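What follows is the content of run12.txt, which has compact mmCIF, C-alpha atoms and all ligand atoms:
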# COMPACT_ATOMS: atom_id res chain seq x y z
CA MET A 12 12.30 127.59 149.62
CA LYS A 13 11.44 123.97 148.90
CA SER A 14 13.93 121.32 147.73
CA GLU A 15 12.69 118.28 145.84
CA VAL A 16 14.25 115.47 143.86
CA VAL A 17 12.82 115.66 140.36
CA GLY A 18 15.06 113.13 138.63
CA GLU A 19 18.20 111.02 139.04
CA GLY A 20 20.80 113.54 140.18
CA ILE A 21 18.40 116.44 139.62
CA VAL A 22 17.18 118.58 142.53
CA ARG A 23 14.82 121.54 142.17
CA LEU A 24 14.67 124.47 144.61
CA THR A 25 11.40 126.35 144.32
CA THR A 26 9.97 129.48 145.87
CA ASN A 27 6.52 131.03 146.08
CA LYS A 28 7.57 134.03 143.99
CA THR A 29 7.48 133.73 140.23
CA GLY A 30 10.74 134.16 138.40
CA PRO A 31 12.94 132.41 135.87
CA THR A 32 14.10 128.82 136.08
CA ILE A 33 17.89 128.63 136.09
CA GLY A 34 19.68 125.32 135.61
CA VAL A 35 23.15 124.74 137.05
CA VAL A 36 24.97 121.75 135.59
CA CYS A 37 27.96 120.39 137.49
CA ASN A 38 30.51 117.68 136.77
CA VAL A 39 29.50 116.69 133.26
CA HIS A 40 33.14 115.66 133.50
CA GLY A 41 33.40 113.78 136.79
CA ASN A 42 36.76 115.24 137.83
CA GLU A 43 35.58 118.86 137.38
CA LEU A 44 33.98 119.74 140.69
CA CYS A 45 34.33 123.53 140.93
CA GLY A 46 30.67 124.16 140.02
CA ARG A 47 29.40 121.74 142.61
CA LYS A 48 31.57 123.32 145.32
CA ALA A 49 30.44 126.81 144.28
CA VAL A 50 26.79 125.76 144.53
CA HIS A 51 27.45 124.53 148.08
CA ARG A 52 29.04 127.87 149.01
CA ILE A 53 26.07 129.82 147.60
CA LEU A 54 23.45 127.63 149.26
CA ALA A 55 25.26 127.96 152.60
CA LYS A 56 24.94 131.75 152.36
CA TYR A 57 21.74 132.49 150.48
CA GLU A 58 18.09 131.56 150.34
CA ILE A 59 16.58 131.42 146.88
CA GLU A 60 14.06 134.29 146.95
CA CYS A 61 12.19 133.92 143.69
CA GLY A 62 11.99 131.69 140.66
CA THR A 63 13.43 128.20 140.50
CA LEU A 64 16.95 126.82 140.72
CA VAL A 65 17.55 123.38 139.23
CA LEU A 66 20.77 121.58 140.21
CA ILE A 67 21.88 118.94 137.75
CA ASP A 68 24.56 116.37 138.54
CA GLY A 69 26.01 115.90 135.03
CA ASN A 70 27.72 112.53 135.26
CA PRO A 71 27.35 111.28 138.86
CA ASN A 72 29.06 107.93 138.20
CA ALA A 73 32.13 109.62 136.77
CA ALA A 74 32.13 112.01 139.75
CA LEU A 75 32.15 109.03 142.12
CA LEU A 76 35.30 107.83 140.37
CA GLY A 77 36.79 111.36 140.24
CA LYS A 78 37.37 110.74 136.53
CA ARG A 79 36.42 112.64 133.38
CA TYR A 80 34.08 109.78 132.41
CA VAL A 81 33.39 106.16 133.28
CA ALA A 82 34.00 104.56 129.88
CA SER A 83 33.84 107.35 127.31
CA ASP A 84 33.38 111.15 127.24
CA MET A 85 29.69 111.91 127.84
CA ASN A 86 30.16 115.48 126.65
CA ARG A 87 30.67 114.23 123.08
CA MET A 88 27.52 112.09 123.04
CA PHE A 89 24.76 114.64 122.46
CA THR A 90 24.43 113.92 118.74
CA THR A 91 21.35 112.69 116.88
CA ASP A 92 23.00 109.35 116.09
CA GLN A 93 24.23 108.60 119.59
CA LEU A 94 21.02 109.75 121.25
CA ALA A 95 19.10 107.39 118.93
CA GLN A 96 21.18 104.31 119.84
CA GLU A 97 19.27 101.48 121.42
CA ASN A 98 20.22 99.97 124.77
CA PRO A 99 22.72 102.66 125.75
CA GLU A 100 25.23 101.75 128.42
CA GLN A 101 27.59 103.54 130.77
CA ASP A 102 28.07 107.26 130.01
CA LEU A 103 25.77 107.11 126.99
CA LYS A 104 22.96 105.90 129.25
CA ARG A 105 23.35 109.07 131.33
CA ALA A 106 23.44 111.22 128.16
CA HIS A 107 20.15 109.63 127.05
CA TYR A 108 18.66 110.30 130.47
CA LEU A 109 19.68 113.97 130.46
CA ALA A 110 18.44 114.45 126.89
CA LYS A 111 15.07 113.00 127.88
CA GLU A 112 14.68 114.81 131.22
CA LEU A 113 16.29 118.26 130.85
CA PRO A 114 13.80 119.58 128.27
CA LYS A 115 10.96 118.75 130.70
CA LEU A 116 12.29 121.03 133.44
CA GLY A 117 11.21 124.37 131.95
CA LEU A 118 14.77 125.70 132.05
CA ASP A 119 15.03 129.32 130.90
CA GLN A 120 18.83 129.54 131.14
CA VAL A 121 21.58 127.05 131.94
CA ILE A 122 25.14 127.41 133.20
CA ASP A 123 27.45 124.39 132.94
CA PHE A 124 30.69 124.48 134.95
CA HIS A 125 33.90 122.85 133.77
CA SER A 126 37.59 123.06 134.57
CA THR A 127 40.72 122.41 132.53
CA THR A 128 43.60 119.96 132.78
CA SER A 129 46.35 122.45 132.01
CA GLU A 130 46.89 125.68 133.87
CA THR A 131 45.16 128.62 132.26
CA PRO A 132 45.88 132.28 133.05
CA TYR A 133 42.20 133.12 132.53
CA PRO A 134 38.95 131.27 132.93
CA PHE A 135 36.61 131.69 129.93
CA THR A 136 33.17 130.98 128.53
CA VAL A 137 32.16 128.63 125.75
CA SER A 138 29.35 130.66 124.18
CA PHE A 139 26.94 129.79 121.37
CA PRO A 140 24.61 132.13 119.46
CA GLY A 141 21.56 132.98 121.56
CA THR A 142 23.49 132.98 124.85
CA GLU A 143 24.57 136.63 124.74
CA GLU A 144 22.62 137.57 127.89
CA MET A 145 24.01 134.68 129.95
CA THR A 146 27.49 135.20 128.56
CA SER A 147 27.43 138.90 129.50
CA LEU A 148 26.83 137.85 133.12
CA CYS A 149 30.00 135.75 133.27
CA PRO A 150 32.91 137.76 134.73
CA VAL A 151 35.52 136.02 132.57
CA PRO A 152 36.84 136.34 129.00
CA GLN A 153 34.06 135.37 126.63
CA ILE A 154 34.76 133.06 123.72
CA PHE A 155 32.23 132.78 120.89
CA GLY A 156 32.30 130.84 117.63
CA TRP A 157 31.98 127.31 119.03
CA THR A 158 29.18 126.12 116.74
CA GLY A 159 30.27 122.79 115.25
CA ILE A 160 33.76 122.95 116.81
CA VAL A 161 33.28 120.27 119.51
CA ILE A 162 30.78 117.71 118.30
CA GLY A 163 28.25 116.37 120.79
CA SER A 164 28.52 118.70 123.80
CA LEU A 165 25.58 118.99 126.18
CA ILE A 166 25.40 122.79 125.90
CA GLU A 167 25.41 122.90 122.11
CA TRP A 168 22.59 120.35 122.20
CA LEU A 169 20.66 122.43 124.79
CA CYS A 170 21.12 125.56 122.67
CA LYS A 171 19.66 123.63 119.72
CA GLN A 172 16.62 122.87 121.91
CA ASN A 173 16.28 126.66 122.41
CA ILE A 174 17.57 126.49 125.99
CA PRO A 175 20.39 129.07 126.19
CA ALA A 176 23.31 127.32 127.87
CA VAL A 177 26.82 128.59 128.55
CA VAL A 178 29.90 126.75 129.76
CA VAL A 179 32.31 128.45 132.11
CA GLU A 180 35.74 126.84 132.06
CA ALA A 181 36.62 128.10 135.51
CA GLY A 182 40.33 127.23 135.67
CA GLN A 183 42.53 124.27 136.46
CA HIS A 184 40.81 121.22 138.04
CA GLU A 185 42.52 121.37 141.43
CA ALA A 186 42.88 125.16 141.75
CA GLU A 187 40.96 126.83 144.57
CA SER A 188 40.56 129.85 142.27
CA SER A 189 38.36 127.71 139.98
CA ILE A 190 35.79 127.46 142.77
CA ASP A 191 36.01 131.25 143.33
CA VAL A 192 35.39 131.87 139.61
CA ALA A 193 32.41 129.50 139.59
CA GLU A 194 31.03 131.18 142.73
CA GLN A 195 31.40 134.71 141.27
CA THR A 196 29.74 133.57 138.05
CA LEU A 197 26.84 132.02 139.93
CA LEU A 198 26.41 135.10 142.12
CA SER A 199 26.32 137.26 139.02
CA ILE A 200 23.76 135.09 137.22
CA LEU A 201 21.50 134.37 140.19
CA SER A 202 21.44 137.99 141.33
CA HIS A 203 20.78 139.26 137.80
CA PHE A 204 17.71 137.04 137.54
CA GLY A 205 16.61 137.96 141.08
CA LEU A 206 17.01 134.51 142.63
CA ILE A 207 19.31 135.87 145.32
CA THR A 208 20.25 139.29 146.74
CA PRO A 209 24.03 139.44 147.15
CA GLU A 210 25.59 141.24 150.10
CA GLU A 211 27.32 143.60 147.66
CA PRO A 212 26.15 144.39 144.12
CA ILE A 213 28.02 142.28 141.57
CA THR A 214 29.95 144.50 139.19
CA PHE A 215 32.86 143.76 136.89
CA GLU A 216 34.54 145.33 133.88
CA LYS A 217 33.35 144.04 130.53
CA PRO A 218 35.62 141.08 129.80
CA ALA A 219 37.52 140.67 126.52
CA GLN A 220 35.74 138.77 123.77
CA TYR A 221 37.24 136.20 121.43
CA LYS A 222 36.16 133.94 118.61
CA VAL A 223 37.37 130.37 118.34
CA LEU A 224 38.30 129.54 114.75
CA GLU A 225 39.29 125.92 114.59
CA ARG A 226 39.93 122.76 116.55
CA VAL A 227 43.15 121.10 115.39
CA MET A 228 42.98 117.33 115.73
CA ILE A 229 45.88 114.95 116.43
CA GLY A 230 46.87 112.99 113.32
CA ASP A 231 48.97 110.30 115.01
CA HIS A 232 49.04 110.01 118.79
CA ALA A 233 52.10 107.74 118.94
CA SER A 234 54.43 110.20 117.22
CA PHE A 235 52.76 113.53 118.16
CA LYS A 236 55.12 115.91 119.95
CA PHE A 237 54.56 119.55 120.94
CA GLU A 238 57.53 121.82 120.24
CA LYS A 239 57.05 123.23 123.75
CA GLU A 240 54.46 123.28 126.52
CA TYR A 241 51.69 125.67 125.49
CA SER A 242 49.10 127.34 127.68
CA SER A 243 45.71 128.86 126.93
CA PHE A 244 45.68 132.48 125.69
CA GLU A 245 49.27 132.12 124.48
CA ALA A 246 49.92 134.29 121.40
CA LEU A 247 51.10 132.49 118.27
CA GLU A 248 53.50 133.90 115.70
CA PRO A 249 52.30 133.61 112.10
CA GLY A 250 53.74 130.34 110.76
CA GLU A 251 54.99 129.18 114.19
CA LEU A 252 55.79 125.45 114.36
CA ILE A 253 53.60 124.12 117.16
CA ALA A 254 53.95 120.35 116.96
CA LYS A 255 54.95 117.47 114.71
CA ASP A 256 53.92 113.91 114.11
CA LYS A 257 54.40 111.39 111.34
CA THR A 258 51.41 112.84 109.47
CA GLY A 259 53.15 116.23 109.22
CA ASP A 260 53.85 119.57 110.92
CA TYR A 261 51.32 121.57 112.92
CA VAL A 262 51.95 125.19 111.99
CA ALA A 263 50.14 128.35 113.06
CA PRO A 264 48.34 130.03 110.13
CA GLN A 265 50.04 133.03 108.47
CA GLN A 266 47.83 135.47 110.31
CA GLU A 267 48.50 138.07 113.00
CA GLY A 268 46.75 138.01 116.37
CA LEU A 269 46.01 134.30 116.73
CA MET A 270 46.07 132.63 120.12
CA MET A 271 46.10 129.13 121.50
CA ILE A 272 43.23 127.90 123.63
CA MET A 273 42.99 124.63 125.55
CA PRO A 274 46.14 122.95 124.26
CA SER A 275 46.39 119.31 125.20
CA THR A 276 49.38 118.22 127.28
CA GLN A 277 52.02 115.80 126.03
CA GLU A 278 50.93 113.40 128.77
CA HIS A 279 47.30 113.49 127.61
CA VAL A 280 48.37 112.92 124.03
CA GLU A 281 50.41 109.90 125.06
CA LYS A 282 47.58 108.49 127.17
CA ARG A 283 45.19 109.21 124.26
CA ILE A 284 42.90 111.21 126.55
CA SER A 285 42.67 114.04 123.99
CA ARG A 286 41.72 113.60 120.35
CA GLY A 287 42.26 117.29 119.69
CA ALA A 288 45.67 118.95 119.93
CA TYR A 289 44.55 122.57 120.50
CA TYR A 290 42.11 125.26 119.40
CA LEU A 291 42.92 128.49 117.58
CA MET A 292 41.18 131.76 118.41
CA GLN A 293 41.40 135.49 117.81
CA ARG A 294 40.37 138.53 119.82
CA LEU A 295 37.22 140.30 118.64
ZN ZN B 301 34.91 119.58 131.19

Could you spell out this file's structure in structure tokens?
Ligand SMILES: [Zn+2]
Amino acid sequence: MKSEVVGEGIVRLTTNKTGPTIGVVCNVHGNELCGRKAVHRILAKYEIECGTLVLIDGNPNAALLGKRYVASDMNRMFTTDQLAQENPEQDLKRAHYLAKELPKLGLDQVIDFHSTTSETPYPFTVSFPGTEEMTSLCPVPQIFGWTGIVIGSLIEWLCKQNIPAVVVEAGQHEAESSIDVAEQTLLSILSHFGLITPEEPITFEKPAQYKVLERVMIGDHASFKFEKEYSSFEALEPGELIAKDKTGDYVAPQQEGLMMIMPSTQEHVEKRISRGAYYLMQRL
């Protein structure tokens, strides 16, 4: 196994045996370190036996600060307009770099690890069309339907370049279990593609599948107030009042079986960290 630096914050591990090239993206948000820690655990235990593993430090400057981003959220910058801007600075400069370099790496599949601000009872995938194989390898609830929901994410952009890429939201930022989830996911993916041979075969029950329907944006941050603290996977009553602000009420649609996913917190609303209030989804 040979390690070589092939770009800024990009290290490639190669072997003499042919096999797929798997990209692992960590800390696109600089305070979300579970993927990086899981990679360290795997590399401490296993040699890569075939194929190529590419480790990609998403936003290294944000990771140095332990913050989501340096100046602005890089994971909203992978749009045609922003990637065409001249003289990019700060996080956009890194987005330009990744957009230029990642397609050159021959990546067959990509996994991108994230974690969430609020507690979540379950980790989950963010899955786009064309990522069914990768998604099936993730031992967590699988959420489809994200096309066009979050504008400018790295993985949606990679999928558009025909590089299947899946996000695993592994749990809360600080939770040790988030690292365990990222490690199990990596073991599952790397063993499936033959890059490693795990001590025990990786098996898990087929996780539940969901479809995200809508991202609900915040109309007015100053007056926005949740009716209560919500958590991901929380069931919503048809017509339930979720929040209010001076632009109006935020009410669950008159539909059975809807759930909340990734609600913002009141603190994040007040600090204007989130532009979105929450996402709605349903079980498939
Ligand atoms: Zn993230």

8 Å shell around ligand ZN 301 (chain B) using only C-alpha atoms and all ligand atoms, listed as a PyMOL selection string: chain A and resi 38-40+43+79+86+124-127+180

Neighbour list for stretch 90-102 of chain A as a ChimeraX atom specification, cut-off 12 Å, only C-alpha atoms, skip fewer than 3 positions in-chain: /A:39-41,69-74,78-87,105-111,159,161-169,171

Using all atoms listed in the file, what table do you get, as CSV, when you list each residue of stretch 83-135 of chain A with an atom no more than 12 Å from stretch 200-224 of chain A, its nearest pair of atoms, and their distance in Å rounded to one decimal, rows by chain then rising number?
residue,atom,partner,partner_atom,distance
A:Asp119,CA,A:Phe204,CA,10.5
A:Gln120,CA,A:Ile200,CA,9.6
A:Val121,CA,A:Ile200,CA,9.9
A:Ile122,CA,A:Ile200,CA,8.8
A:Tyr133,CA,A:Pro218,CA,10.7
A:Pro134,CA,A:Pro218,CA,10.8
A:Phe135,CA,A:Gln220,CA,9.4

Shortest interatomic distance to A:Ala49 - which of A:Glu130, A:Glu240, A:Asp123, A:Glu281, counting only C-alpha atoms: A:Asp123

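Rounded to one decimal, atom CA of A:Ala246 and atom CA of A:Met273 lie 12.6 Å from each other.
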
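You will find atom CA of A:Gly117 at 25.9 Å from atom CA of A:Gln153.
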